[in-house]
Amino acid sequence: MRFRATIENVPVFYRLIQAVEKLQKKCIMKFTETEMHVICNDDANEALRSSSSSASSSSVAAAILPSYDADEVVMKLAKKNEQAVLSFEMYGMSRSGRKVRVTHDVRIDVMRPAESDKLHEPRCPDPEVHVLLPPLLKLRTIVERLRPLSDVLALRANNSGILQLSINTDTVKLETQWVKCGNPSIAKHGIAQNDEDGDAEDISLNKPDPDKMFCVLVSIRSFLKFLNSHVVSATTILCLCHNHCAILYVYIGEIADAGGVLTYYIPTVIDGDE
């Protein structure tokens with residue numbers, strides 16, 4: 001199988017791989033003619049959707065780092081000494097003004113088509129609420145302070161722009177609330193819709209009571225992993241499927257001209273008190 005592509009925005013790609021590295025040591029990279037999907041899957045807690053190949057995320061990050069100032073970076077599949085590799089070719093200028101090329105190979109395992117076809121996003125019901133999140137770096141500061149106090153974090157939101165993060169244990173109960181967060185209309189795969197579109201109007205008509213709060217209990221550890229994506233985040237939308245899961249869309253760049261979107265699925269934690 002042949003694959004060759006030019007990485008147009010190396011800093012963004014590097015930050016993307018940085019975020020993935022925080023989730024898992026290995027990731028799956030799936031290539032089509034127009035898109036590249038980076039996939040992490042943790043059967044226990046969370047999933048990130050982003051020929052298929054399995055690669056070390058830390059090795060990919062190490063390969064990309066030297067190319068930050070390169071004039072051109074080409075990524076391609078290759079085979080060297082009977083081993084499949086993802087090869088990164090970097091073109092730039094030396095201090096003496098000579099054109100140089102540097103190649104960094106990352107060992108990979110190429111997946112069979114049958115294995116690749118089994119990769120699917122988690123099946124979830126339609127979310128009851130979509131809400132814009134505050135800056136992820138600020139959220140991380142708050143959640144890191146809550147982590148020593150509880151293993152479970154409650155995410156609550158309504159269709160009036162209210163967002164709540166809270167913990168509730170036998171010894172402590174804490175809650176942080178934001179108002180006027182905004183409730184965008186979302187199509188499949190995290191595509192924001194214009195409120196003037198007919199489809200968006202239909203969605204708004206089906207919205208529940210705007211003051212009704214919807215809740216998902218999640219692992220604080222899983223939520224903190226997600227918050228590492230602040231390195232690429234400009235806008236993040238939280239979608240709650242009540243008592244089922246949280247879906248989070250992290251846009252790489254502004255929504256209008258985003259270069260991609262990270263999609264996180266975090267399942268609910270079953271809690272008898274909730």
# chains A, B, ... in the order shown; residues from 1 in each chain; ligands from 1
$ closest_atom_pairs --of "stretch 91-184 of chain A" --to "stretch 222-246 of chain A" --cutoff "7 Å" --atoms "only C-alpha atoms" --output "Markdown table"
| residue | atom | partner | partner_atom | distance |
| --- | --- | --- | --- | --- |
| A:Pro125 | CA | A:Cys241 | CA | 6.4 |
| A:Asp126 | CA | A:Cys241 | CA | 6.6 |
| A:Pro127 | CA | A:Cys241 | CA | 4.3 |
| A:Glu128 | CA | A:Cys241 | CA | 5.8 |
| A:Val129 | CA | A:Leu240 | CA | 5.6 |
| A:His130 | CA | A:Cys239 | CA | 4.4 |
| A:Val131 | CA | A:Leu238 | CA | 5.3 |
| A:Leu132 | CA | A:Ile237 | CA | 4.6 |
| A:Leu133 | CA | A:Thr236 | CA | 5.6 |
| A:Leu136 | CA | A:His230 | CA | 5.3 |
| A:Leu137 | CA | A:His230 | CA | 5.9 |
| A:Arg140 | CA | A:Leu227 | CA | 6.0 |
$ write_last_selection --atoms "N, CA, C and O atoms" --output "CSV table (one decimal), in the first residue's frame"
chain,number,residue,atom,x,y,z
A,125,PRO,N,-26.8,7.7,22.4
A,125,PRO,CA,-28.1,8.3,22.1
A,125,PRO,C,-27.9,9.8,21.7
A,125,PRO,O,-26.7,10.3,21.9
A,126,ASP,N,-28.9,10.5,21.2
A,126,ASP,CA,-28.7,11.9,20.9
A,126,ASP,C,-28.6,12.7,22.2
A,126,ASP,O,-29.3,12.5,23.1
A,127,PRO,N,-27.6,13.6,22.2
A,127,PRO,CA,-27.4,14.4,23.5
A,127,PRO,C,-28.6,15.3,23.7
A,127,PRO,O,-29.3,15.8,22.8
A,128,GLU,N,-28.9,15.5,25.0
A,128,GLU,CA,-30.0,16.4,25.4
A,128,GLU,C,-29.5,17.8,25.5
A,128,GLU,O,-30.3,18.8,25.4
A,129,VAL,N,-28.2,18.0,25.6
A,129,VAL,CA,-27.7,19.4,25.7
A,129,VAL,C,-26.3,19.5,25.1
A,129,VAL,O,-25.5,18.6,25.2
A,130,HIS,N,-26.0,20.7,24.4
A,130,HIS,CA,-24.7,21.0,23.9
A,130,HIS,C,-24.3,22.3,24.6
A,130,HIS,O,-25.1,23.3,24.5
A,131,VAL,N,-23.1,22.4,25.1
A,131,VAL,CA,-22.8,23.7,25.8
A,131,VAL,C,-21.3,24.0,25.5
A,131,VAL,O,-20.4,23.1,25.4
A,132,LEU,N,-21.0,25.3,25.2
A,132,LEU,CA,-19.6,25.7,25.0
A,132,LEU,C,-18.8,25.7,26.4
A,132,LEU,O,-19.3,26.2,27.4
A,133,LEU,N,-17.7,25.1,26.4
A,133,LEU,CA,-16.9,25.0,27.6
A,133,LEU,C,-16.0,26.3,27.8
A,133,LEU,O,-15.6,26.9,26.8
A,136,LEU,N,-10.0,25.4,28.4
A,136,LEU,CA,-9.7,24.1,29.0
A,136,LEU,C,-8.6,24.2,30.0
A,136,LEU,O,-8.6,23.4,31.0
A,137,LEU,N,-7.7,25.1,29.8
A,137,LEU,CA,-6.6,25.3,30.8
A,137,LEU,C,-7.1,25.7,32.2
A,137,LEU,O,-6.7,25.3,33.2
A,140,ARG,N,-8.8,22.7,33.7
A,140,ARG,CA,-7.9,21.8,34.3
A,140,ARG,C,-7.4,22.2,35.7
A,140,ARG,O,-7.2,21.3,36.5
$ residues_around --residues "stretch 91-104 of chain A" --least-positions-apart "5" --cutoff "6 Å" --atoms "only C-alpha atoms" --output "VMD selection string"
chain A and resid 63 70 to 72
$ closest_residue --among "A:Lys76, A:Ile17, A:Glu35, A:Ile28" --to "A:Ala5" --atoms "only C-alpha atoms"
A:Lys76
$ atom_distance --atom1 "atom CA of A:Gln164" --atom2 "atom CA of A:Leu262"
22.4 Å
$ closest_residue --among "A:Ala154, A:Ile108, A:Leu23, A:Leu139" --to "A:Asn168" --atoms "only C-alpha atoms"
A:Ala154
$ select_by_dssp --residues "stretch 117-194 of chain A" --states "alpha helix (DSSP H)" --output "list in words"
Leu136, Leu137, Lys138, Leu139, Arg140, Thr141, Ile142, Val143, Glu144, Arg145 and Leu146 of chain A
$ closest_residue --among "A:Val10, A:Val85, A:Ala157, A:Val38" --to "A:Pro210" --atoms "only C-alpha atoms"
A:Ala157
$ closest_residue --among "A:Ala114, A:Phe3, A:Ile266, A:Pro11" --to "A:Met36" --atoms "only C-alpha atoms"
A:Phe3
